[in-house]
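Data from input-v5.tsv: TSV, C-alpha atoms
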chain	number	residue	atom	x	y	z
A	18	MET	CA	0.00	0.00	0.00
A	19	GLN	CA	2.75	2.41	0.89
A	20	GLY	CA	4.67	4.48	-1.59
A	21	LYS	CA	2.12	4.36	-4.37
A	22	GLU	CA	2.69	7.32	-6.64
A	23	GLY	CA	-0.93	8.44	-6.61
A	24	ARG	CA	-0.83	8.87	-2.87
A	25	SER	CA	2.52	10.53	-2.40
A	26	ALA	CA	1.40	14.05	-3.33
A	27	PRO	CA	-1.55	14.10	-0.89
A	28	ARG	CA	0.75	12.67	1.75
A	29	THR	CA	3.31	15.45	1.34
A	30	VAL	CA	0.67	18.18	1.24
A	31	LEU	CA	-1.06	16.67	4.29
A	32	LEU	CA	2.20	16.64	6.20
A	33	VAL	CA	2.86	20.31	5.38
A	34	LEU	CA	-0.71	21.29	6.34
A	35	ALA	CA	-0.56	19.27	9.57
A	36	VAL	CA	2.71	20.91	10.60
A	37	LEU	CA	1.27	24.38	9.85
A	38	GLY	CA	-1.89	23.57	11.81
A	39	PHE	CA	0.21	22.19	14.65
A	40	LEU	CA	2.19	25.44	14.85
A	41	VAL	CA	-0.99	27.58	14.86
A	42	SER	CA	-2.58	25.42	17.58
A	43	ALA	CA	0.63	25.35	19.59
A	44	TYR	CA	0.78	29.15	19.52
A	45	LEU	CA	-2.85	29.52	20.64
A	46	THR	CA	-2.42	26.85	23.33
A	47	TRP	CA	0.66	28.63	24.63
A	48	THR	CA	-1.07	32.03	24.76
A	49	HIS	CA	-4.00	30.42	26.59
A	50	PHE	CA	-1.88	28.88	29.35
A	51	ALA	CA	0.44	31.90	29.56
A	52	GLY	CA	-2.56	34.23	29.90
A	53	LEU	CA	-1.44	36.25	26.89
A	54	ALA	CA	-3.50	37.83	24.13
A	55	PRO	CA	-2.76	36.28	20.73
A	56	ILE	CA	-1.25	38.74	18.29
A	57	CYS	CA	-3.86	39.65	15.70
A	58	THR	CA	-2.33	40.78	12.44
A	59	GLY	CA	-3.82	44.00	11.17
A	60	GLY	CA	-4.68	45.14	14.70
A	61	GLY	CA	-8.01	44.71	16.40
A	62	GLU	CA	-8.97	42.60	19.36
A	63	GLY	CA	-10.74	39.79	17.50
A	64	CYS	CA	-8.27	37.11	18.57
A	65	GLU	CA	-8.43	38.25	22.19
A	66	THR	CA	-12.24	38.30	22.17
A	67	VAL	CA	-12.51	34.85	20.60
A	68	GLN	CA	-9.82	33.26	22.74
A	69	SER	CA	-11.27	34.59	25.99
A	70	SER	CA	-14.86	33.73	25.06
A	71	ARG	CA	-16.68	30.93	26.82
A	72	TYR	CA	-16.44	28.82	23.67
A	73	ALA	CA	-12.62	28.78	23.78
A	74	VAL	CA	-12.72	26.14	26.51
A	75	LEU	CA	-14.58	22.86	26.28
A	76	LEU	CA	-15.07	21.00	29.58
A	77	GLY	CA	-12.01	22.76	30.92
A	78	VAL	CA	-9.90	21.87	27.88
A	79	PRO	CA	-8.83	24.75	25.62
A	80	VAL	CA	-10.11	24.24	22.06
A	81	ALA	CA	-6.60	25.17	20.88
A	82	LEU	CA	-5.29	22.10	22.74
A	83	LEU	CA	-7.86	19.92	20.95
A	84	GLY	CA	-6.50	21.35	17.70
A	85	LEU	CA	-2.98	20.52	18.78
A	86	ILE	CA	-4.02	16.90	19.42
A	87	ALA	CA	-5.84	16.72	16.06
A	88	TYR	CA	-2.87	18.06	14.10
A	89	SER	CA	-0.55	15.67	15.96
A	90	GLY	CA	-2.86	12.89	14.78
A	91	LEU	CA	-2.63	14.16	11.20
A	92	ILE	CA	1.18	14.22	11.41
A	93	ILE	CA	1.09	10.59	12.61
A	94	SER	CA	-1.33	9.79	9.79
A	95	ALA	CA	1.01	11.26	7.18
A	96	ALA	CA	3.95	9.45	8.75
A	97	LEU	CA	2.20	6.06	8.74
A	98	TRP	CA	0.35	6.43	5.42
A	99	GLY	CA	-0.67	2.80	5.25
A	100	GLN	CA	-4.37	1.96	5.15
A	101	ALA	CA	-4.63	2.65	8.87
A	102	GLY	CA	-2.80	5.95	8.56
A	103	ILE	CA	-4.99	7.14	5.70
A	104	TYR	CA	-8.23	6.16	7.45
A	105	LEU	CA	-7.01	7.82	10.66
A	106	GLY	CA	-6.21	11.00	8.76
A	107	PHE	CA	-9.59	10.92	7.03
A	108	LEU	CA	-11.42	10.56	10.34
A	109	ILE	CA	-9.47	13.34	12.06
A	110	SER	CA	-9.72	15.76	9.15
A	111	LEU	CA	-13.47	15.13	8.76
A	112	VAL	CA	-14.14	15.72	12.48
A	113	GLY	CA	-11.81	18.74	12.34
A	114	THR	CA	-13.57	20.21	9.31
A	115	LEU	CA	-17.04	19.81	10.82
A	116	PHE	CA	-16.00	21.26	14.18
A	117	SER	CA	-14.05	24.09	12.51
A	118	ALA	CA	-17.18	25.00	10.53
A	119	TYR	CA	-19.12	25.19	13.79
A	120	LEU	CA	-16.40	27.31	15.44
A	121	THR	CA	-16.32	29.68	12.48
A	122	TYR	CA	-20.12	30.00	12.69
A	123	LEU	CA	-19.70	30.91	16.40
A	124	GLU	CA	-17.08	33.52	15.58
A	125	ILE	CA	-19.23	35.23	12.96
A	126	PHE	CA	-22.72	34.93	14.39
A	127	VAL	CA	-22.39	34.42	18.16
A	128	ILE	CA	-19.11	35.90	19.41
A	129	GLY	CA	-19.13	38.60	16.76
A	130	ALA	CA	-15.36	38.65	16.35
A	131	LEU	CA	-12.87	36.92	14.07
A	132	CYS	CA	-9.60	35.33	15.11
A	133	GLN	CA	-7.22	35.01	12.20
A	134	TRP	CA	-5.37	32.09	13.76
A	135	CYS	CA	-8.64	30.21	14.18
A	136	LEU	CA	-9.65	31.02	10.61
A	137	ALA	CA	-6.27	29.75	9.41
A	138	SER	CA	-6.94	26.46	11.16
A	139	ALA	CA	-10.48	26.41	9.74
A	140	ALA	CA	-8.94	26.64	6.26
A	141	ILE	CA	-6.21	24.06	6.91
A	142	MET	CA	-8.64	21.36	8.10
A	143	PRO	CA	-10.77	21.20	4.90
A	144	ALA	CA	-7.56	21.24	2.85
A	145	ALA	CA	-6.34	18.28	4.92
A	146	LEU	CA	-9.69	16.59	4.31
A	147	ILE	CA	-9.20	16.95	0.55
A	148	CYS	CA	-5.78	15.28	0.88
A	149	THR	CA	-7.07	12.37	2.92
A	150	THR	CA	-10.12	11.97	0.65
A	151	LEU	CA	-7.81	11.77	-2.37
A	152	ALA	CA	-5.86	9.07	-0.54
A	153	VAL	CA	-8.99	7.17	0.55
A	154	ARG	CA	-10.46	7.02	-2.96
A	155	PRO	CA	-7.93	4.50	-4.35
A	156	LEU	CA	-8.60	2.28	-1.34
A	157	MET	CA	-12.28	2.17	-2.39
A	158	GLN	CA	-11.36	1.16	-5.93
A	159	GLU	CA	-8.99	-1.67	-5.01
A	160	ARG	CA	-10.93	-4.68	-6.17
B	16	MET	CA	-3.54	-22.67	-2.36
B	17	SER	CA	-1.37	-20.80	-4.86
B	18	ALA	CA	0.00	-17.35	-4.14
B	19	ALA	CA	-2.44	-15.86	-6.67
B	20	GLU	CA	-5.42	-17.60	-5.04
B	21	GLY	CA	-4.28	-16.49	-1.62
B	22	GLU	CA	-4.10	-12.90	-2.79
B	23	LYS	CA	-7.58	-13.21	-4.30
B	24	VAL	CA	-9.04	-14.53	-1.04
B	25	GLU	CA	-7.33	-11.76	0.90
B	26	LYS	CA	-8.75	-9.17	-1.47
B	27	ASN	CA	-12.20	-10.72	-1.31
B	28	SER	CA	-12.18	-10.54	2.47
B	29	THR	CA	-11.46	-6.82	2.35
B	30	LEU	CA	-13.58	-6.18	-0.75
B	31	ARG	CA	-16.73	-5.51	1.17
B	32	SER	CA	-15.02	-3.75	4.04
B	33	PRO	CA	-13.50	-0.56	2.52
B	34	ARG	CA	-16.84	1.06	1.74
B	35	MET	CA	-18.33	-0.20	4.98
B	36	LEU	CA	-15.33	1.11	6.84
B	37	LEU	CA	-15.59	4.47	5.11
B	38	ALA	CA	-19.29	4.75	5.96
B	39	LEU	CA	-18.48	3.84	9.54
B	40	LEU	CA	-15.74	6.48	9.70
B	41	VAL	CA	-18.08	9.15	8.32
B	42	ALA	CA	-20.72	8.17	10.90
B	43	VAL	CA	-18.16	8.24	13.73
B	44	ALA	CA	-16.87	11.63	12.56
B	45	ILE	CA	-20.38	13.09	12.54
B	46	VAL	CA	-21.12	11.71	16.00
B	47	VAL	CA	-17.81	12.98	17.44
B	48	ALA	CA	-18.28	16.43	15.87
B	49	ALA	CA	-21.87	16.60	17.16
B	50	LEU	CA	-20.65	15.63	20.63
B	51	LEU	CA	-18.05	18.39	20.55
B	52	VAL	CA	-20.72	20.90	19.53
B	53	VAL	CA	-23.01	19.78	22.38
B	54	LEU	CA	-20.16	19.99	24.91
B	55	SER	CA	-19.27	23.43	23.59
B	56	GLN	CA	-22.82	24.61	24.21
B	57	LEU	CA	-22.79	23.42	27.82
B	58	GLY	CA	-22.53	26.10	30.43
B	59	GLY	CA	-24.52	29.25	30.77
B	60	SER	CA	-27.53	27.33	32.01
B	61	GLY	CA	-26.81	28.16	35.62
B	62	GLU	CA	-26.89	24.49	36.67
B	63	GLY	CA	-23.64	24.71	38.63
B	64	VAL	CA	-24.34	28.13	40.09
B	65	GLY	CA	-26.46	26.96	43.03
B	66	GLU	CA	-23.84	24.38	43.97
B	67	LEU	CA	-20.97	26.88	43.81
B	68	TYR	CA	-22.59	29.25	46.28
B	69	SER	CA	-24.25	26.65	48.47
B	70	GLY	CA	-23.47	27.34	52.12
B	71	VAL	CA	-21.51	30.53	51.39
B	72	PRO	CA	-22.93	33.71	52.98
B	73	GLN	CA	-23.91	36.46	50.53
B	74	GLU	CA	-24.71	40.04	51.37
B	75	GLY	CA	-25.06	42.57	48.58
B	76	THR	CA	-21.85	42.47	46.58
B	77	THR	CA	-19.94	40.67	49.34
B	78	LEU	CA	-19.39	36.92	49.30
B	79	GLY	CA	-18.14	35.02	52.32
B	80	GLU	CA	-18.04	35.37	56.06
B	81	ASP	CA	-17.83	38.84	57.61
B	82	GLY	CA	-15.00	37.79	59.93
B	83	ALA	CA	-12.80	36.37	57.16
B	84	PRO	CA	-9.20	37.56	57.71
B	85	VAL	CA	-8.60	38.35	54.05
B	86	THR	CA	-10.74	40.55	51.81
B	87	VAL	CA	-10.34	40.30	48.04
B	88	TYR	CA	-11.66	43.19	45.97
B	89	LEU	CA	-12.53	42.17	42.42
B	90	TYR	CA	-12.49	45.10	40.00
B	91	GLU	CA	-14.28	43.96	36.87
B	92	ASP	CA	-16.46	45.08	33.98
B	93	PHE	CA	-19.20	42.65	32.95
B	94	GLN	CA	-18.31	43.18	29.29
B	95	CYS	CA	-14.57	42.62	29.73
B	96	PRO	CA	-13.56	39.33	28.04
B	97	TYR	CA	-10.72	38.59	30.46
B	98	CYS	CA	-13.04	39.18	33.42
B	99	GLY	CA	-15.29	36.56	31.84
B	100	GLN	CA	-12.38	34.18	31.46
B	101	PHE	CA	-11.35	34.75	35.10
B	102	SER	CA	-14.92	34.28	36.30
B	103	ARG	CA	-15.42	31.04	34.39
B	104	GLU	CA	-12.00	29.44	34.84
B	105	MET	CA	-10.54	30.64	38.17
B	106	PHE	CA	-13.29	32.18	40.24
B	107	PRO	CA	-15.04	28.89	41.20
B	108	ARG	CA	-11.71	27.55	42.47
B	109	LEU	CA	-11.12	30.76	44.45
B	110	VAL	CA	-14.50	30.29	46.13
B	111	ASP	CA	-13.87	26.61	46.87
B	112	ASP	CA	-10.30	27.11	48.13
B	113	TYR	CA	-10.58	30.25	50.24
B	114	VAL	CA	-14.12	31.57	50.60
B	115	ARG	CA	-16.01	28.43	51.56
B	116	ASP	CA	-13.72	27.73	54.53
B	117	GLY	CA	-13.87	31.34	55.76
B	118	SER	CA	-10.29	32.28	54.84
B	119	ALA	CA	-11.37	35.10	52.56
B	120	ARG	CA	-14.37	37.13	51.57
B	121	LEU	CA	-14.85	38.68	48.16
B	122	VAL	CA	-16.12	42.15	47.35
B	123	SER	CA	-17.20	42.90	43.80
B	124	GLU	CA	-16.39	46.37	42.50
B	125	ASN	CA	-18.18	47.13	39.25
B	126	LEU	CA	-16.29	49.24	36.76
B	127	VAL	CA	-18.33	50.26	33.75
B	128	PHE	CA	-15.81	51.85	31.41
B	129	LEU	CA	-16.31	49.66	28.35
B	130	GLY	CA	-19.67	51.04	27.28
B	131	PRO	CA	-23.30	51.71	28.16
B	132	ASP	CA	-24.08	47.98	28.26
B	133	SER	CA	-21.57	47.59	31.10
B	134	VAL	CA	-23.73	49.96	33.14
B	135	VAL	CA	-26.94	48.10	32.26
B	136	ALA	CA	-25.40	44.74	33.18
B	137	ALA	CA	-23.97	46.07	36.45
B	138	ARG	CA	-27.35	47.54	37.44
B	139	ALA	CA	-29.05	44.21	36.78
B	140	ALA	CA	-26.51	42.41	38.97
B	141	LEU	CA	-26.77	45.03	41.72
B	142	SER	CA	-30.56	44.65	41.62
B	143	ALA	CA	-30.07	40.93	42.31
B	144	GLY	CA	-27.75	42.01	45.13
B	145	GLU	CA	-30.70	43.71	46.81
B	146	GLN	CA	-31.99	40.18	47.43
B	147	ASN	CA	-28.47	38.95	48.28
B	148	ARG	CA	-28.36	37.08	44.98
B	149	TYR	CA	-25.70	39.22	43.36
B	150	TRP	CA	-23.14	36.43	43.00
B	151	PRO	CA	-25.20	33.80	41.15
B	152	TYR	CA	-26.29	36.56	38.79
B	153	TYR	CA	-22.64	37.64	38.44
B	154	SER	CA	-21.68	34.08	37.42
B	155	LEU	CA	-24.55	33.82	34.96
B	156	LEU	CA	-23.63	37.13	33.33
B	157	TYR	CA	-20.10	35.90	32.72
B	158	GLU	CA	-21.13	32.41	31.65
B	159	ASN	CA	-23.33	33.98	28.98
B	160	GLN	CA	-21.05	36.86	28.08
B	161	GLY	CA	-21.22	38.08	24.50
B	162	ALA	CA	-18.86	40.25	22.50
B	163	GLU	CA	-18.05	43.64	23.92
B	164	ASN	CA	-20.61	46.32	22.94
B	165	SER	CA	-22.33	43.96	20.51
B	166	GLY	CA	-25.73	44.80	22.00
B	167	TYR	CA	-26.21	41.40	23.66
B	168	VAL	CA	-27.18	42.98	27.01
B	169	THR	CA	-30.89	43.28	26.23
B	170	ASP	CA	-33.80	43.28	28.66
B	171	ASP	CA	-34.76	39.77	27.52
B	172	PHE	CA	-31.20	38.55	28.08
B	173	LEU	CA	-31.07	40.02	31.59
B	174	ARG	CA	-34.53	38.72	32.49
B	175	GLY	CA	-33.56	35.26	31.23
B	176	LEU	CA	-30.58	35.26	33.60
B	177	ALA	CA	-32.78	36.46	36.46
B	178	GLU	CA	-35.10	33.51	35.84
B	179	LYS	CA	-32.12	31.14	36.04
B	180	THR	CA	-30.83	32.70	39.26
B	181	PRO	CA	-31.67	30.40	42.17
B	182	ASP	CA	-33.99	31.89	44.80
B	183	LEU	CA	-34.33	35.26	43.05
B	184	ASP	CA	-37.77	36.87	43.12
B	185	VAL	CA	-37.84	38.07	39.50
B	186	GLY	CA	-40.73	40.49	40.09
B	187	ARG	CA	-38.86	42.24	42.90
B	188	TRP	CA	-35.72	42.22	40.81
B	189	GLU	CA	-37.60	43.98	37.97
B	190	ASP	CA	-38.91	46.57	40.43
B	191	GLN	CA	-35.42	47.21	41.81
B	192	ARG	CA	-34.00	47.55	38.32
B	193	ALA	CA	-36.69	50.01	37.30
B	194	GLY	CA	-36.52	52.05	40.49
B	195	ASN	CA	-32.82	52.23	41.26
B	196	SER	CA	-30.05	53.36	38.95
B	197	PHE	CA	-27.34	52.37	41.47
B	198	THR	CA	-25.43	55.49	40.44
B	199	ARG	CA	-23.94	55.97	43.89
B	200	GLU	CA	-22.71	52.37	44.10
B	201	LEU	CA	-21.09	52.59	40.67
B	202	GLU	CA	-19.47	55.93	41.48
B	203	ASP	CA	-18.18	54.57	44.77
B	204	SER	CA	-16.56	51.63	42.99
B	205	GLN	CA	-15.01	54.03	40.48
B	206	SER	CA	-13.63	56.18	43.33
B	207	ARG	CA	-12.18	53.15	45.11
B	208	ALA	CA	-10.59	52.02	41.83
B	209	GLN	CA	-8.94	55.41	41.38
B	210	ALA	CA	-7.76	55.47	44.99
B	211	SER	CA	-6.22	52.01	44.57
B	212	GLY	CA	-4.64	52.79	41.22
B	213	VAL	CA	-6.78	50.32	39.32
B	214	ASP	CA	-6.69	51.07	35.62
B	215	SER	CA	-7.46	47.72	34.00
B	216	THR	CA	-9.80	44.79	34.52
B	217	PRO	CA	-9.75	42.31	36.02
B	218	THR	CA	-7.72	43.64	38.94
B	219	LEU	CA	-7.71	41.77	42.25
B	220	ILE	CA	-6.63	43.48	45.44
B	221	PHE	CA	-5.99	41.31	48.49
B	222	GLU	CA	-6.01	42.81	51.97
B	223	GLY	CA	-5.21	40.82	55.09
B	224	PRO	CA	-3.17	40.75	58.30
B	225	GLY	CA	0.00	40.24	56.26
B	226	GLY	CA	-0.52	43.34	54.13
B	227	GLN	CA	-1.79	43.98	50.64
B	228	ALA	CA	-1.26	42.37	47.25
B	229	LYS	CA	-2.47	43.45	43.84
B	230	ILE	CA	-2.88	41.40	40.67
B	231	ASP	CA	-3.52	43.51	37.61
B	232	ARG	CA	-2.18	41.09	35.04
B	233	LEU	CA	-3.76	37.79	35.89
B	234	THR	CA	-2.20	34.92	33.95
B	235	GLY	CA	-2.73	31.92	36.22
B	236	TYR	CA	-4.32	30.69	39.43
B	237	ASP	CA	-0.89	30.40	41.07
B	238	GLN	CA	-0.84	34.21	41.32
B	239	ILE	CA	-3.99	34.05	43.44
B	240	SER	CA	-2.50	31.37	45.71
B	241	SER	CA	0.69	33.43	46.13
B	242	ALA	CA	-1.26	36.59	46.93
B	243	MET	CA	-3.33	34.71	49.53
B	244	ASP	CA	-0.14	33.29	51.10
B	245	LYS	CA	1.35	36.77	51.23
B	246	VAL	CA	-1.53	38.56	52.91
B	247	ASP	CA	-3.04	35.95	55.21
B	248	GLY	CA	-0.37	36.63	57.84
B	249	SER	CA	0.35	32.97	58.65
As structure tokens, what does this structure read like?
Amino acid sequence: MQGKEGRSAPRTVLLVLAVLGFLVSAYLTWTHFAGLAPICTGGGEGCETVQSSRYAVLLGVPVALLGLIAYSGLIISAALWGQAGIYLGFLISLVGTLFSAYLTYLEIFVIGALCQWCLASAAIMPAALICTTLAVRPLMQER
Amino acid sequence: MSAAEGEKVEKNSTLRSPRMLLALLVAVAIVVAALLVVLSQLGGSGEGVGELYSGVPQEGTTLGEDGAPVTVYLYEDFQCPYCGQFSREMFPRLVDDYVRDGSARLVSENLVFLGPDSVVAARAALSAGEQNRYWPYYSLLYENQGAENSGYVTDDFLRGLAEKTPDLDVGRWEDQRAGNSFTRELEDSQSRAQASGVDSTPTLIFEGPGGQAKIDRLTGYDQISSAMDKVDGS
């Protein structure tokens, strides 16, 4: 299964995306535990408002930390890249995409502020889902 | 069995599974995402509020026993996001660790510098304080905090919180809110803030037998523990 040409491009892109997402989540997790306001490019207090909102913590766990765990899972997925790795990546990126969509809805319609770091993650997750879907498709066609 | 036949059997055994597995993964992903959404929506209902304040004396904007050796003044604005974060993430622990056992009492000082809605929210909480239910209302305001000056502090919003506040007579609360602007209380808090050099929220000032401590850049609960250790005189 491993090393098939058709799957190498999605694997590389997924790895790059996962590392980027990991860095974004790590930064937001760090600011949360350090009690710092995330730097919002272009000014404004959107990041601060979103990160200190009641939705930034889920059962005592910062959402940024959940992101960190998810991106770690995607890095493992890209590293494994066997059937198990691809399915794992597909599952994580699908959950991540759905939850990111919900979080973006909260930012726009409930919290009323946008956090660029969160939006970056919300863009990375669907891109990761495209990569894992491209990798899952050949597995469906193997007959 | 030849190698080719073996491969065929192996493929046949997984033939039906990939699509099934994919469907299962999609279903699991939807369930997990839905669970995360539900968990994210928890809070704000006031369910834990009664438990947090159970057995703790409340009088107006003061929480805890009168004879507590340490007094902690909380300078906050109901619209301030970091006050909300403090209230949701550290305040319950502060009550459990120091207020419940009589080590400290808390005094809420309302600052209303962020906008007109800060004044409206503070008046609603102070009205609840007239029935000694300030603190549950305080918690509910922060649990349901919206974006600063977004207009979320409506009459319906405030009444909804009053209805969730345990043991609050909502009719009396409405009367208090309509009949009292609490201008003096708000001005007094502002004066005390100026006298204490408070220029940001949340600011916590600890006073006890061991002296005074001030936290105006709250980053973690350990700062609260250190301030308590410093001022309790033991």
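In this model, the gap between atom CA of Val213 of chain B and atom CA of Lys229 of chain B comes to 9.3 Å.
One distance worth recording is that between atom CA of Ala44 of chain B and atom CA of Leu136 of chain A, which is 20.8 Å.
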List the neighbours of Gln205 of chain B out to 10 Å using all atoms listed in the file; skip same-chain residues closer than 3 positions along the sequence, and give me the result as an mmCIF file with C-alpha atoms, in the coordinates of the input.
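Done, and the output landed in result.cif:
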data_model
loop_
_atom_site.group_PDB
_atom_site.id
_atom_site.type_symbol
_atom_site.label_atom_id
_atom_site.label_comp_id
_atom_site.auth_asym_id
_atom_site.auth_seq_id
_atom_site.Cartn_x
_atom_site.Cartn_y
_atom_site.Cartn_z
ATOM 1 C CA TYR B 90 -12.490 45.100 40.000
ATOM 2 C CA GLU B 124 -16.390 46.370 42.500
ATOM 3 C CA ASN B 125 -18.180 47.130 39.250
ATOM 4 C CA LEU B 126 -16.290 49.240 36.760
ATOM 5 C CA VAL B 127 -18.330 50.260 33.750
ATOM 6 C CA PHE B 128 -15.810 51.850 31.410
ATOM 7 C CA ARG B 199 -23.940 55.970 43.890
ATOM 8 C CA GLU B 200 -22.710 52.370 44.100
ATOM 9 C CA LEU B 201 -21.090 52.590 40.670
ATOM 10 C CA GLU B 202 -19.470 55.930 41.480
ATOM 11 C CA ALA B 208 -10.590 52.020 41.830
ATOM 12 C CA GLN B 209 -8.940 55.410 41.380
ATOM 13 C CA ALA B 210 -7.760 55.470 44.990
ATOM 14 C CA SER B 211 -6.220 52.010 44.570
ATOM 15 C CA VAL B 213 -6.780 50.320 39.320
#
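Relative to atom CA of Ser118 of chain B, atom CA of Gly63 of chain B is found at 22.3 Å.
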Within 10 Å of chain B, which residues belong to chain A? Use all atoms listed in the file and report them as a PyMOL selection string. chain A and resi 48-54+63+65-77+80+100+104-105+107-117+119-120+124+127-130+153-154+156-160
Using only C-alpha atoms and a cutoff of 9 Å, can you tell me which residues are near (-23.0, 32.1, 39.3) in the file's coordinates, and write them out as number ranges by chain? B: 61-65, 67-68, 102, 107, 149-158, 180
Spatial neighbours of Glu80 of chain B, 12 Å, only C-alpha atoms, chain gap at least 4 places, as a PDB file with C-alpha atoms, keeping the file's coordinate frame:
ATOM      1  CA  GLY B  70     -23.470  27.340  52.120  1.00  0.00           C
ATOM      2  CA  VAL B  71     -21.510  30.530  51.390  1.00  0.00           C
ATOM      3  CA  PRO B  72     -22.930  33.710  52.980  1.00  0.00           C
ATOM      4  CA  GLN B  73     -23.910  36.460  50.530  1.00  0.00           C
ATOM      5  CA  GLU B  74     -24.710  40.040  51.370  1.00  0.00           C
ATOM      6  CA  PRO B  84      -9.200  37.560  57.710  1.00  0.00           C
ATOM      7  CA  VAL B  85      -8.600  38.350  54.050  1.00  0.00           C
ATOM      8  CA  THR B  86     -10.740  40.550  51.810  1.00  0.00           C
ATOM      9  CA  VAL B 110     -14.500  30.290  46.130  1.00  0.00           C
ATOM     10  CA  TYR B 113     -10.580  30.250  50.240  1.00  0.00           C
ATOM     11  CA  VAL B 114     -14.120  31.570  50.600  1.00  0.00           C
ATOM     12  CA  ARG B 115     -16.010  28.430  51.560  1.00  0.00           C
ATOM     13  CA  ASP B 116     -13.720  27.730  54.530  1.00  0.00           C
ATOM     14  CA  GLY B 117     -13.870  31.340  55.760  1.00  0.00           C
ATOM     15  CA  SER B 118     -10.290  32.280  54.840  1.00  0.00           C
ATOM     16  CA  ALA B 119     -11.370  35.100  52.560  1.00  0.00           C
ATOM     17  CA  ARG B 120     -14.370  37.130  51.570  1.00  0.00           C
ATOM     18  CA  LEU B 121     -14.850  38.680  48.160  1.00  0.00           C
ATOM     19  CA  VAL B 122     -16.120  42.150  47.350  1.00  0.00           C
TER      20      VAL B 122
END
